[in-house]
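target38.pdb follows (PDB, C-alpha atoms):
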ATOM      1  CA  MET F  66      -0.056 -23.708   1.589
ATOM      2  CA  TYR F  67      -0.324 -19.923   1.578
ATOM      3  CA  VAL F  68      -0.041 -18.055  -1.708
ATOM      4  CA  ILE F  69       1.355 -14.519  -1.816
ATOM      5  CA  THR F  70       0.744 -12.483  -4.952
ATOM      6  CA  GLY F  71       2.783  -9.342  -5.536
ATOM      7  CA  ALA F  72       5.527 -11.114  -3.600
ATOM      8  CA  SER F  73       8.246  -8.839  -4.994
ATOM      9  CA  GLY F  74       6.494  -5.821  -3.478
ATOM     10  CA  ARG F  75       6.988  -4.549   0.045
ATOM     11  CA  THR F  76       3.852  -5.903   1.703
ATOM     12  CA  GLY F  77       4.104  -9.195  -0.192
ATOM     13  CA  ARG F  78       7.714  -9.743   0.852
ATOM     14  CA  ALA F  79       6.854  -9.007   4.461
ATOM     15  CA  ALA F  80       3.861 -11.374   4.396
ATOM     16  CA  ALA F  81       5.866 -14.202   2.831
ATOM     17  CA  SER F  82       8.763 -13.738   5.254
ATOM     18  CA  HIS F  83       6.480 -13.688   8.296
ATOM     19  CA  LEU F  84       4.698 -16.859   7.228
ATOM     20  CA  LEU F  85       8.002 -18.588   6.537
ATOM     21  CA  GLU F  86       9.425 -17.575   9.907
ATOM     22  CA  ASN F  87       6.409 -19.167  11.564
ATOM     23  CA  GLY F  88       6.845 -22.501   9.813
ATOM     24  CA  HIS F  89       4.235 -22.232   7.056
ATOM     25  CA  ASN F  90       4.552 -23.386   3.463
ATOM     26  CA  VAL F  91       4.547 -20.415   1.101
ATOM     27  CA  ARG F  92       4.125 -20.024  -2.638
ATOM     28  CA  ALA F  93       5.284 -16.640  -3.936
ATOM     29  CA  VAL F  94       3.814 -15.377  -7.200
ATOM     30  CA  GLY F  95       5.370 -12.790  -9.470
ATOM     31  CA  ARG F  96       6.057 -11.905 -13.073
ATOM     32  CA  ASN F  97       9.838 -12.155 -12.756
ATOM     33  CA  PRO F  98      11.264 -15.089 -10.748
ATOM     34  CA  ARG F  99      14.571 -13.245 -10.395
ATOM     35  CA  ASN F 100      12.844 -10.709  -8.154
ATOM     36  CA  LEU F 101      11.787 -13.563  -5.876
ATOM     37  CA  ALA F 102      15.174 -15.284  -5.644
ATOM     38  CA  HIS F 103      15.714 -14.121  -2.062
ATOM     39  CA  LEU F 104      12.523 -15.934  -1.050
ATOM     40  CA  ALA F 105      13.439 -19.057  -3.014
ATOM     41  CA  ASP F 106      16.725 -19.197  -1.113
ATOM     42  CA  HIS F 107      14.703 -19.556   2.097
ATOM     43  CA  GLY F 108      12.467 -22.361   0.892
ATOM     44  CA  VAL F 109       9.569 -20.456  -0.670
ATOM     45  CA  GLN F 110       7.985 -22.097  -3.710
ATOM     46  CA  ILE F 111       8.159 -19.711  -6.675
ATOM     47  CA  HIS F 112       5.389 -19.494  -9.272
ATOM     48  CA  GLN F 113       5.720 -17.233 -12.291
ATOM     49  CA  ALA F 114       2.469 -15.542 -13.303
ATOM     50  CA  ASP F 115       1.209 -12.157 -14.398
ATOM     51  CA  GLN F 116      -1.695 -10.796 -12.334
ATOM     52  CA  SER F 117      -3.550  -9.871 -15.529
ATOM     53  CA  ASP F 118      -3.505 -13.480 -16.802
ATOM     54  CA  PRO F 119      -6.455 -15.336 -15.223
ATOM     55  CA  THR F 120      -5.276 -18.754 -16.426
ATOM     56  CA  ALA F 121      -1.788 -18.330 -14.963
ATOM     57  CA  MET F 122      -3.182 -16.903 -11.740
ATOM     58  CA  THR F 123      -5.665 -19.761 -11.424
ATOM     59  CA  SER F 124      -2.749 -22.183 -11.587
ATOM     60  CA  ALA F 125      -0.875 -20.137  -8.990
ATOM     61  CA  LEU F 126      -3.799 -20.196  -6.545
ATOM     62  CA  ARG F 127      -4.876 -23.795  -7.034
ATOM     63  CA  GLY F 128      -4.426 -25.963  -3.947
ATOM     64  CA  ALA F 129      -3.898 -23.022  -1.607
ATOM     65  CA  ASP F 130      -5.440 -22.857   1.851
ATOM     66  CA  ALA F 131      -5.515 -19.063   1.552
ATOM     67  CA  ALA F 132      -4.114 -16.333  -0.671
ATOM     68  CA  TYR F 133      -2.969 -12.734  -0.303
ATOM     69  CA  LEU F 134      -4.032 -10.663  -3.312
ATOM     70  CA  VAL F 135      -2.464  -7.377  -4.345
ATOM     71  CA  ILE F 136      -2.973  -5.247  -7.448
ATOM     72  CA  GLN F 137       0.539  -4.200  -8.316
ATOM     73  CA  PRO F 138       1.866  -1.548  -8.794
ATOM     74  CA  ASN F 139      -0.015   1.169  -6.915
ATOM     75  CA  TYR F 140       0.208   3.379  -9.996
ATOM     76  CA  ILE F 141       2.052   3.487 -13.317
ATOM     77  CA  PRO F 142       3.339   7.021 -13.935
ATOM     78  CA  ASP F 143       2.990   7.089 -17.717
ATOM     79  CA  HIS F 144      -0.138   4.928 -18.071
ATOM     80  CA  PRO F 145      -2.827   6.494 -20.301
ATOM     81  CA  ASP F 146      -5.727   4.893 -18.364
ATOM     82  CA  PHE F 147      -4.685   3.554 -14.982
ATOM     83  CA  ALA F 148      -8.258   2.842 -13.879
ATOM     84  CA  ALA F 149      -8.607   0.450 -16.810
ATOM     85  CA  PHE F 150      -5.374  -1.273 -15.719
ATOM     86  CA  GLN F 151      -6.782  -1.702 -12.205
ATOM     87  CA  ASP F 152     -10.072  -3.085 -13.481
ATOM     88  CA  HIS F 153      -8.339  -5.541 -15.813
ATOM     89  CA  ALA F 154      -6.155  -6.864 -12.994
ATOM     90  CA  ALA F 155      -9.135  -7.037 -10.617
ATOM     91  CA  ALA F 156     -11.154  -9.026 -13.159
ATOM     92  CA  ALA F 157      -8.299 -11.480 -13.720
ATOM     93  CA  LEU F 158      -7.736 -11.999  -9.998
ATOM     94  CA  THR F 159     -11.450 -12.458  -9.382
ATOM     95  CA  ASP F 160     -11.665 -15.038 -12.148
ATOM     96  CA  ALA F 161      -8.627 -16.846 -10.746
ATOM     97  CA  VAL F 162     -10.124 -17.029  -7.259
ATOM     98  CA  THR F 163     -13.383 -18.349  -8.704
ATOM     99  CA  GLN F 164     -11.735 -20.985 -10.889
ATOM    100  CA  SER F 165      -9.073 -22.124  -8.420
ATOM    101  CA  GLY F 166     -11.445 -22.768  -5.544
ATOM    102  CA  VAL F 167      -9.222 -21.077  -2.950
ATOM    103  CA  PRO F 168     -11.513 -20.746   0.104
ATOM    104  CA  ARG F 169      -9.867 -17.859   1.947
ATOM    105  CA  VAL F 170      -8.519 -14.549   0.658
ATOM    106  CA  VAL F 171      -6.844 -11.569   2.273
ATOM    107  CA  ALA F 172      -6.652  -8.629  -0.129
ATOM    108  CA  LEU F 173      -4.925  -5.269   0.058
ATOM    109  CA  SER F 174      -7.096  -2.191  -0.249
ATOM    110  CA  SER F 175      -6.727   1.339   1.101
ATOM    111  CA  TRP F 176      -8.181   3.823   3.515
ATOM    112  CA  GLY F 177     -10.981   5.649   1.746
ATOM    113  CA  ALA F 178     -12.020   2.633  -0.329
ATOM    114  CA  GLN F 179     -15.584   3.070   0.946
ATOM    115  CA  HIS F 180     -15.968   5.855  -1.647
ATOM    116  CA  THR F 181     -16.788   5.337  -5.307
ATOM    117  CA  SER F 182     -14.909   8.415  -6.520
ATOM    118  CA  GLY F 183     -12.849  11.447  -5.568
ATOM    119  CA  THR F 184      -9.983   9.413  -4.129
ATOM    120  CA  GLY F 185      -7.671   8.924  -7.094
ATOM    121  CA  PRO F 186      -6.348   5.361  -7.491
ATOM    122  CA  VAL F 187      -8.204   4.311  -4.335
ATOM    123  CA  ALA F 188     -11.462   4.349  -6.324
ATOM    124  CA  GLY F 189     -10.083   1.427  -8.317
ATOM    125  CA  LEU F 190      -9.656  -0.509  -5.090
ATOM    126  CA  HIS F 191     -13.285   0.243  -4.240
ATOM    127  CA  ARG F 192     -14.237  -1.462  -7.492
ATOM    128  CA  PHE F 193     -11.829  -4.326  -6.730
ATOM    129  CA  GLU F 194     -13.502  -4.834  -3.346
ATOM    130  CA  ASN F 195     -16.974  -4.972  -4.901
ATOM    131  CA  ARG F 196     -15.904  -7.337  -7.666
ATOM    132  CA  LEU F 197     -14.004  -9.836  -5.526
ATOM    133  CA  SER F 198     -16.514  -9.762  -2.674
ATOM    134  CA  SER F 199     -19.249 -10.911  -5.039
ATOM    135  CA  ILE F 200     -17.741 -14.416  -5.312
ATOM    136  CA  PRO F 201     -19.947 -16.823  -3.365
ATOM    137  CA  GLY F 202     -18.417 -19.114  -0.777
ATOM    138  CA  VAL F 203     -15.080 -17.316  -0.386
ATOM    139  CA  ASP F 204     -14.127 -15.799   2.975
ATOM    140  CA  ILE F 205     -12.441 -12.438   2.385
ATOM    141  CA  THR F 206     -10.650  -9.947   4.619
ATOM    142  CA  TRP F 207      -9.998  -6.518   3.122
ATOM    143  CA  LEU F 208      -7.039  -4.674   4.612
ATOM    144  CA  ARG F 209      -7.612  -0.948   4.184
ATOM    145  CA  ALA F 210      -4.152   0.372   4.931
ATOM    146  CA  GLY F 211      -3.341   3.976   5.765
ATOM    147  CA  TYR F 212      -0.703   6.276   4.280
ATOM    148  CA  TYR F 213       2.610   4.485   3.861
ATOM    149  CA  MET F 214       5.577   5.914   5.733
ATOM    150  CA  GLU F 215       7.737   4.762   2.825
ATOM    151  CA  ASN F 216       6.237   7.652   0.832
ATOM    152  CA  LEU F 217       8.345   9.935   3.027
ATOM    153  CA  LEU F 218      11.430   8.579   1.273
ATOM    154  CA  ASP F 219      10.381  10.648  -1.747
ATOM    155  CA  HIS F 220      11.503  13.699   0.245
ATOM    156  CA  LEU F 221      15.077  12.550   0.906
ATOM    157  CA  ASP F 222      16.621  14.912  -1.627
ATOM    158  CA  SER F 223      14.766  18.019  -0.432
ATOM    159  CA  VAL F 224      15.562  17.206   3.188
ATOM    160  CA  ARG F 225      19.223  16.677   2.340
ATOM    161  CA  THR F 226      19.635  19.786   0.177
ATOM    162  CA  ARG F 227      17.048  22.216   1.539
ATOM    163  CA  ARG F 228      16.079  20.830   4.958
ATOM    164  CA  ARG F 229      12.496  20.992   3.761
ATOM    165  CA  ILE F 230       9.564  18.709   3.001
ATOM    166  CA  ILE F 231       7.174  19.984   0.326
ATOM    167  CA  ALA F 232       3.822  18.270  -0.208
ATOM    168  CA  PRO F 233       0.188  19.204  -0.944
ATOM    169  CA  PHE F 234      -1.244  18.098   2.408
ATOM    170  CA  ASP F 235      -2.449  20.677   4.898
ATOM    171  CA  PRO F 236       0.278  20.946   7.563
ATOM    172  CA  ASP F 237      -1.892  19.840  10.480
ATOM    173  CA  VAL F 238      -4.178  17.287   8.804
ATOM    174  CA  PRO F 239      -3.848  13.924  10.611
ATOM    175  CA  LEU F 240      -2.463  11.082   8.500
ATOM    176  CA  PRO F 241      -2.698   7.407   9.555
ATOM    177  CA  LEU F 242       0.968   6.648   8.861
ATOM    178  CA  ILE F 243       1.861   2.958   8.599
ATOM    179  CA  THR F 244       4.790   0.898   7.339
ATOM    180  CA  THR F 245       4.443  -1.601   4.531
ATOM    181  CA  THR F 246       6.125  -4.204   6.738
ATOM    182  CA  ASP F 247       3.384  -3.869   9.338
ATOM    183  CA  VAL F 248       0.769  -4.264   6.594
ATOM    184  CA  GLY F 249       2.471  -7.415   5.314
ATOM    185  CA  ILE F 250       2.653  -8.910   8.789
ATOM    186  CA  ALA F 251      -1.033  -8.125   9.345
ATOM    187  CA  ALA F 252      -1.822  -9.869   6.050
ATOM    188  CA  ALA F 253       0.154 -12.950   7.083
ATOM    189  CA  GLU F 254      -1.616 -13.092  10.429
ATOM    190  CA  GLU F 255      -5.012 -12.752   8.747
ATOM    191  CA  LEU F 256      -4.232 -15.598   6.361
ATOM    192  CA  THR F 257      -3.796 -17.999   9.257
ATOM    193  CA  ARG F 258      -6.813 -16.711  11.182
ATOM    194  CA  PRO F 259     -10.200 -18.419  10.747
ATOM    195  CA  GLN F 260     -12.866 -16.073   9.450
ATOM    196  CA  THR F 261     -16.274 -16.433   7.826
ATOM    197  CA  GLY F 262     -17.796 -14.088   5.266
ATOM    198  CA  THR F 263     -16.395 -10.708   4.240
ATOM    199  CA  LEU F 264     -14.591  -8.492   6.735
ATOM    200  CA  ILE F 265     -13.083  -5.012   6.393
ATOM    201  CA  ARG F 266     -10.128  -4.289   8.674
ATOM    202  CA  GLU F 267      -8.608  -0.844   8.584
ATOM    203  CA  LEU F 268      -4.935  -0.523   9.464
ATOM    204  CA  HIS F 269      -4.242   2.855  11.044
ATOM    205  CA  GLY F 270      -0.601   2.647  11.996
ATOM    206  CA  GLU F 271       0.671   3.447  15.474
ATOM    207  CA  ARG F 272      -0.951   6.900  15.586
ATOM    208  CA  ASP F 273      -2.113   9.750  13.349
ATOM    209  CA  VAL F 274       0.668  12.178  12.450
ATOM    210  CA  SER F 275       0.586  15.524  10.636
ATOM    211  CA  MET F 276       3.211  16.661   8.152
ATOM    212  CA  ASN F 277       4.311  19.352  10.604
ATOM    213  CA  GLU F 278       4.961  16.560  13.113
ATOM    214  CA  VAL F 279       6.818  14.555  10.473
ATOM    215  CA  ALA F 280       9.157  17.489   9.843
ATOM    216  CA  ARG F 281       9.774  17.937  13.567
ATOM    217  CA  ALA F 282      10.485  14.232  14.050
ATOM    218  CA  ILE F 283      13.011  14.216  11.202
ATOM    219  CA  ALA F 284      14.622  17.373  12.548
ATOM    220  CA  THR F 285      15.037  15.727  15.946
ATOM    221  CA  ALA F 286      16.499  12.583  14.416
ATOM    222  CA  ILE F 287      19.117  14.388  12.311
ATOM    223  CA  ASP F 288      19.691  17.215  14.806
ATOM    224  CA  ALA F 289      19.072  19.882  12.185
ATOM    225  CA  PRO F 290      16.147  22.175  11.363
ATOM    226  CA  VAL F 291      13.595  20.713   8.945
ATOM    227  CA  THR F 292      10.450  22.581   7.935
ATOM    228  CA  TYR F 293       7.274  21.559   6.168
ATOM    229  CA  GLU F 294       5.959  23.600   3.255
ATOM    230  CA  ARG F 295       2.542  22.981   1.758
ATOM    231  CA  CYS F 296       2.261  23.437  -1.986
ATOM    232  CA  THR F 297      -1.094  23.759  -3.694
ATOM    233  CA  VAL F 298      -2.778  20.750  -5.260
ATOM    234  CA  GLU F 299      -2.523  22.579  -8.588
ATOM    235  CA  THR F 300       1.237  22.969  -8.188
ATOM    236  CA  PHE F 301       1.501  19.299  -7.239
ATOM    237  CA  HIS F 302      -0.347  18.365 -10.428
ATOM    238  CA  GLU F 303       1.927  20.591 -12.527
ATOM    239  CA  GLN F 304       5.027  19.031 -10.956
ATOM    240  CA  LEU F 305       3.790  15.557 -11.790
ATOM    241  CA  ARG F 306       3.198  16.515 -15.402
ATOM    242  CA  GLU F 307       6.648  18.137 -15.637
ATOM    243  CA  ALA F 308       8.138  14.893 -14.296
ATOM    244  CA  GLY F 309       6.600  12.956 -17.180
ATOM    245  CA  VAL F 310       3.536  11.574 -15.407
ATOM    246  CA  SER F 311       0.622  11.104 -17.814
ATOM    247  CA  ASP F 312      -2.306  13.486 -17.610
ATOM    248  CA  ASN F 313      -4.571  10.609 -16.560
ATOM    249  CA  VAL F 314      -2.378   9.509 -13.667
ATOM    250  CA  ALA F 315      -1.489  13.059 -12.591
ATOM    251  CA  ALA F 316      -5.184  13.939 -12.343
ATOM    252  CA  MET F 317      -5.825  10.827 -10.261
ATOM    253  CA  MET F 318      -2.916  11.512  -7.943
ATOM    254  CA  ALA F 319      -4.014  15.124  -7.460
ATOM    255  CA  GLU F 320      -7.360  13.888  -6.170
ATOM    256  CA  VAL F 321      -5.623  12.256  -3.195
ATOM    257  CA  PRO F 322      -4.382  15.348  -1.296
ATOM    258  CA  HIS F 323      -7.631  17.157  -2.015
ATOM    259  CA  ALA F 324      -9.545  14.206  -0.548
ATOM    260  CA  VAL F 325      -7.251  14.083   2.491
ATOM    261  CA  ASN F 326      -7.391  17.830   3.140
ATOM    262  CA  THR F 327     -11.199  17.916   2.943
ATOM    263  CA  GLY F 328     -11.690  14.782   5.054
ATOM    264  CA  HIS F 329     -13.219  12.849   2.164
ATOM    265  CA  LEU F 330     -10.361  10.340   2.450
ATOM    266  CA  ARG F 331     -10.453   9.150   6.037
ATOM    267  CA  MET F 332     -10.621   6.128   8.304
ATOM    268  CA  THR F 333     -14.038   4.967   9.484
ATOM    269  CA  GLN F 334     -13.088   2.461  12.195
ATOM    270  CA  PRO F 335     -11.665   3.569  15.552
ATOM    271  CA  ARG F 336      -8.051   2.911  16.404
ATOM    272  CA  THR F 337      -8.040  -0.265  18.503
ATOM    273  CA  PRO F 338      -5.542  -3.085  19.114
ATOM    274  CA  GLU F 339      -7.052  -4.686  15.989
ATOM    275  CA  THR F 340      -6.611  -1.668  13.704
ATOM    276  CA  ALA F 341      -3.376  -0.246  15.148
ATOM    277  CA  THR F 342       0.080  -1.465  14.151
ATOM    278  CA  PRO F 343       3.272  -1.170  16.207
ATOM    279  CA  THR F 344       5.867   0.773  14.206
ATOM    280  CA  SER F 345       6.000   4.437  15.178
ATOM    281  CA  LEU F 346       7.066   7.304  12.952
ATOM    282  CA  GLU F 347      10.164   7.780  15.110
ATOM    283  CA  THR F 348      11.194   4.147  14.654
ATOM    284  CA  PHE F 349      10.736   4.373  10.881
ATOM    285  CA  ILE F 350      12.787   7.555  10.706
ATOM    286  CA  LYS F 351      15.577   5.992  12.775
ATOM    287  CA  THR F 352      15.704   2.642  10.966
ATOM    288  CA  GLU F 353      14.740   3.605   7.391
ATOM    289  CA  PHE F 354      14.731   7.336   6.697
ATOM    290  CA  VAL F 355      17.997   8.407   8.334
ATOM    291  CA  PRO F 356      20.069   5.509   6.899
ATOM    292  CA  ALA F 357      18.664   6.271   3.446
ATOM    293  CA  LEU F 358      19.412   9.966   3.947
ATOM    294  CA  ASN F 359      23.000   9.206   4.941
ATOM    295  CA  ALA F 360      23.430   6.976   1.907
ATOM    296  CA  PHE F 361      21.823   9.447  -0.503
TER
END
Rewrite the structure from the file as C-alpha cells, please.
Amino acid sequence: MYVITGASGRTGRAAASHLLENGHNVRAVGRNPRNLAHLADHGVQIHQADQSDPTAMTSALRGADAAYLVIQPNYIPDHPDFAAFQDHAAAALTDAVTQSGVPRVVALSSWGAQHTSGTGPVAGLHRFENRLSSIPGVDITWLRAGYYMENLLDHLDSVRTRRRIIAPFDPDVPLPLITTTDVGIAAAEELTRPQTGTLIRELHGERDVSMNEVARAIATAIDAPVTYERCTVETFHEQLREAGVSDNVAAMMAEVPHAVNTGHLRMTQPRTPETATPTSLETFIKTEFVPALNAF
C-alpha cells in the first residue's frame, strides 16, 4: 500500500494516478474527501486527515509500505506567519512518520533547499528536510523540484491582453522548468524503488529555459508577438501587497527572484537521466498554456 498525502494537489494527483495505472494499491490523504472523489472512482482508498494533525496523519500512514509527503499549500497569501505554518505541518508529519512505523518516505522539497535562508518559502522546506531526516530507521528520498511550468499560467491575462509577460526574473537567467505531473510521476517511481538511507534527488526538468525563451516559445505557439518585461523585485513586492498578500508572505516571495537572479537559488546536481524529466516547455505550452489561453 502506497500512501499519497496532498493527493488533491497537482503532484499528489499525478503520483496517485501513476501508481494506480501500474497496478498498485493507493491510499489518498486529504482534508476534503470531495476533492479526492475522482481518485475514489478509480479504486483509490480515501483517508480524511489534516496534515497538521499528527494523530490523524499517523492513522493515515499506518500499514503503508511507503508514503509521499507534501506540505500543502506552497504558500498562503494572507497568512501572517507562513514559516510557522510550514514548521507546524513539518512537525506533525514527522511525528506521524515516527509513530506509524512507515519504513520508506518520498518527500517533496525544492531546488535551493540546501540553504537555511534567503530563499523565501524554500527555507521552510530546508527545515522540513532536517526535521524528517532525523528519524532513525526510515529511508527517505527528497525530491528537490525546479520551477514549475504551471506558474506560467499566472501570465495568461497579460499575454492575452498585452502580449507580454512581466516578472522579476532577469530575462536571461536559466530556470529549471518542470511540470508538476513529471514531479508526481518521479515521486511514484521513487516510492516503488528500493533505497537505503537518505537521498537527495534534484529534478531539473527537460532543460534550463530563460524568461526571454519562454516568451519566444509562446509567441511561436500562438503565432503572435510576445515580449518579456522584467520588473524590479521591489515592484513585485508592491504588487503582491496591493493584491492583498500579507506583508510576511510578500516579503518571503520577494526573496525568491532575488535568490534566482543572484544565483543563490540554484541546482547543485548535474542534469542527468536521473535528474532530468521529459516534458519540454514547448509541449507544456501546446498542451496546457495555449488551451488555457483560448479558454480565458
Give the padded box for region 93-97 of chain F as lines of an AutoDock Vina configuration file: axis-aligned, covering all atoms listed in the file, 3 Å on each side, centre and edge lengths in Å to one decimal.
center_x = 6.8
center_y = -14.3
center_z = -8.5
size_x = 12.0
size_y = 10.7
size_z = 15.1
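Coordinates place CA of Val248 (chain F) at a distance of 22.5 Å from CA of His112 (chain F).
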Cut-off 10 Å: closest region 179-226 of chain F/region 120-139 of chain F atom pairs per residue, using only C-alpha atoms, as a tab-separated table:
residue	atom	partner	partner_atom	distance
F:Pro186	CA	F:Asn139	CA	7.6
F:Val187	CA	F:Asn139	CA	9.1
F:Gly189	CA	F:Ile136	CA	9.8
F:Leu190	CA	F:Ile136	CA	8.5
F:Phe193	CA	F:Ile136	CA	8.9
F:Val203	CA	F:Ala131	CA	9.9
F:Asp204	CA	F:Ala131	CA	9.3
F:Ile205	CA	F:Ala131	CA	9.6
F:Thr206	CA	F:Tyr133	CA	9.5
F:Trp207	CA	F:Leu134	CA	9.7
Taking into account only C-alpha atoms, which residue in the set F:Asp146, F:Asp106, F:Glu271, F:Asp152 is nearest to Ala341 (chain F)?
->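 For Ala341 (chain F), the nearest of the candidates is F:Glu271.
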What gap, in Å, lies between CA of Met332 (chain F) and CA of Asn195 (chain F)?
->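 These two atoms are separated by 18.4 Å.
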With distances taken over all atoms listed in the file, which of F:Ala357, F:Ala232, F:Val298, F:Ala178 is nearest to Ala315 (chain F)?
->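 Selected residue with least distance to Ala315 (chain F): F:Val298.
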Which residue gives the smallest distance to Thr245 (chain F) among F:Thr163, F:Asn216, F:Thr352, F:Thr300, with all atoms listed in the file counted?
-> F:Asn216
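Each of F:Gln113, F:Gln260, F:Thr184, F:Ser275 was compared to His329 (chain F) using all atoms listed in the file, and F:Thr184 turns out to be the nearest.
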Separation of CA of Ile250 (chain F) and CA of Ser174 (chain F), in Å?
-> 14.9 Å
Name every residue that the PyMOL selection byres ((chain F and resi 198) around 12) selects in this structure, writing the answer as a PyMOL selection string with chains first and numbers rising.
-> chain F and resi 155-156+158-160+162-163+169-172+190-197+199-207+262-265
Output check: residues returned by the PyMOL selection byres ((chain F and resi 141) around 12), as a list in words =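 Against this file, the PyMOL selection byres ((chain F and resi 141) around 12) returns the residues Ile136, Gln137, Pro138, Asn139, Tyr140, Pro142, Asp143, His144, Pro145, Asp146, Phe147, Ala148, Ala149, Phe150, Gln151, Pro186, Gly309, Val310, Ser311, Asp312, Asn313, Val314, Ala315, Met317 and Met318 of chain F.
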Starting from the shown file, work through the PyMOL selection byres ((chain F and resi 254) around 12) and note down what comes out as an MDAnalysis selection string.
-> chainID F and resid 67 79:87 89 131:133 171 206 208 247:253 255:260 339
Using only C-alpha atoms, please write the residues we just selected to a file, as a PDB file, in the frame of the given file.
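out_31.pdb written:
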ATOM      1  CA  TYR F  67      -0.324 -19.923   1.578  1.00  0.00           C
ATOM      2  CA  ALA F  79       6.854  -9.007   4.461  1.00  0.00           C
ATOM      3  CA  ALA F  80       3.861 -11.374   4.396  1.00  0.00           C
ATOM      4  CA  ALA F  81       5.866 -14.202   2.831  1.00  0.00           C
ATOM      5  CA  SER F  82       8.763 -13.738   5.254  1.00  0.00           C
ATOM      6  CA  HIS F  83       6.480 -13.688   8.296  1.00  0.00           C
ATOM      7  CA  LEU F  84       4.698 -16.859   7.228  1.00  0.00           C
ATOM      8  CA  LEU F  85       8.002 -18.588   6.537  1.00  0.00           C
ATOM      9  CA  GLU F  86       9.425 -17.575   9.907  1.00  0.00           C
ATOM     10  CA  ASN F  87       6.409 -19.167  11.564  1.00  0.00           C
ATOM     11  CA  HIS F  89       4.235 -22.232   7.056  1.00  0.00           C
ATOM     12  CA  ALA F 131      -5.515 -19.063   1.552  1.00  0.00           C
ATOM     13  CA  ALA F 132      -4.114 -16.333  -0.671  1.00  0.00           C
ATOM     14  CA  TYR F 133      -2.969 -12.734  -0.303  1.00  0.00           C
ATOM     15  CA  VAL F 171      -6.844 -11.569   2.273  1.00  0.00           C
ATOM     16  CA  THR F 206     -10.650  -9.947   4.619  1.00  0.00           C
ATOM     17  CA  LEU F 208      -7.039  -4.674   4.612  1.00  0.00           C
ATOM     18  CA  ASP F 247       3.384  -3.869   9.338  1.00  0.00           C
ATOM     19  CA  VAL F 248       0.769  -4.264   6.594  1.00  0.00           C
ATOM     20  CA  GLY F 249       2.471  -7.415   5.314  1.00  0.00           C
ATOM     21  CA  ILE F 250       2.653  -8.910   8.789  1.00  0.00           C
ATOM     22  CA  ALA F 251      -1.033  -8.125   9.345  1.00  0.00           C
ATOM     23  CA  ALA F 252      -1.822  -9.869   6.050  1.00  0.00           C
ATOM     24  CA  ALA F 253       0.154 -12.950   7.083  1.00  0.00           C
ATOM     25  CA  GLU F 255      -5.012 -12.752   8.747  1.00  0.00           C
ATOM     26  CA  LEU F 256      -4.232 -15.598   6.361  1.00  0.00           C
ATOM     27  CA  THR F 257      -3.796 -17.999   9.257  1.00  0.00           C
ATOM     28  CA  ARG F 258      -6.813 -16.711  11.182  1.00  0.00           C
ATOM     29  CA  PRO F 259     -10.200 -18.419  10.747  1.00  0.00           C
ATOM     30  CA  GLN F 260     -12.866 -16.073   9.450  1.00  0.00           C
ATOM     31  CA  GLU F 339      -7.052  -4.686  15.989  1.00  0.00           C
TER      32      GLU F 339
END
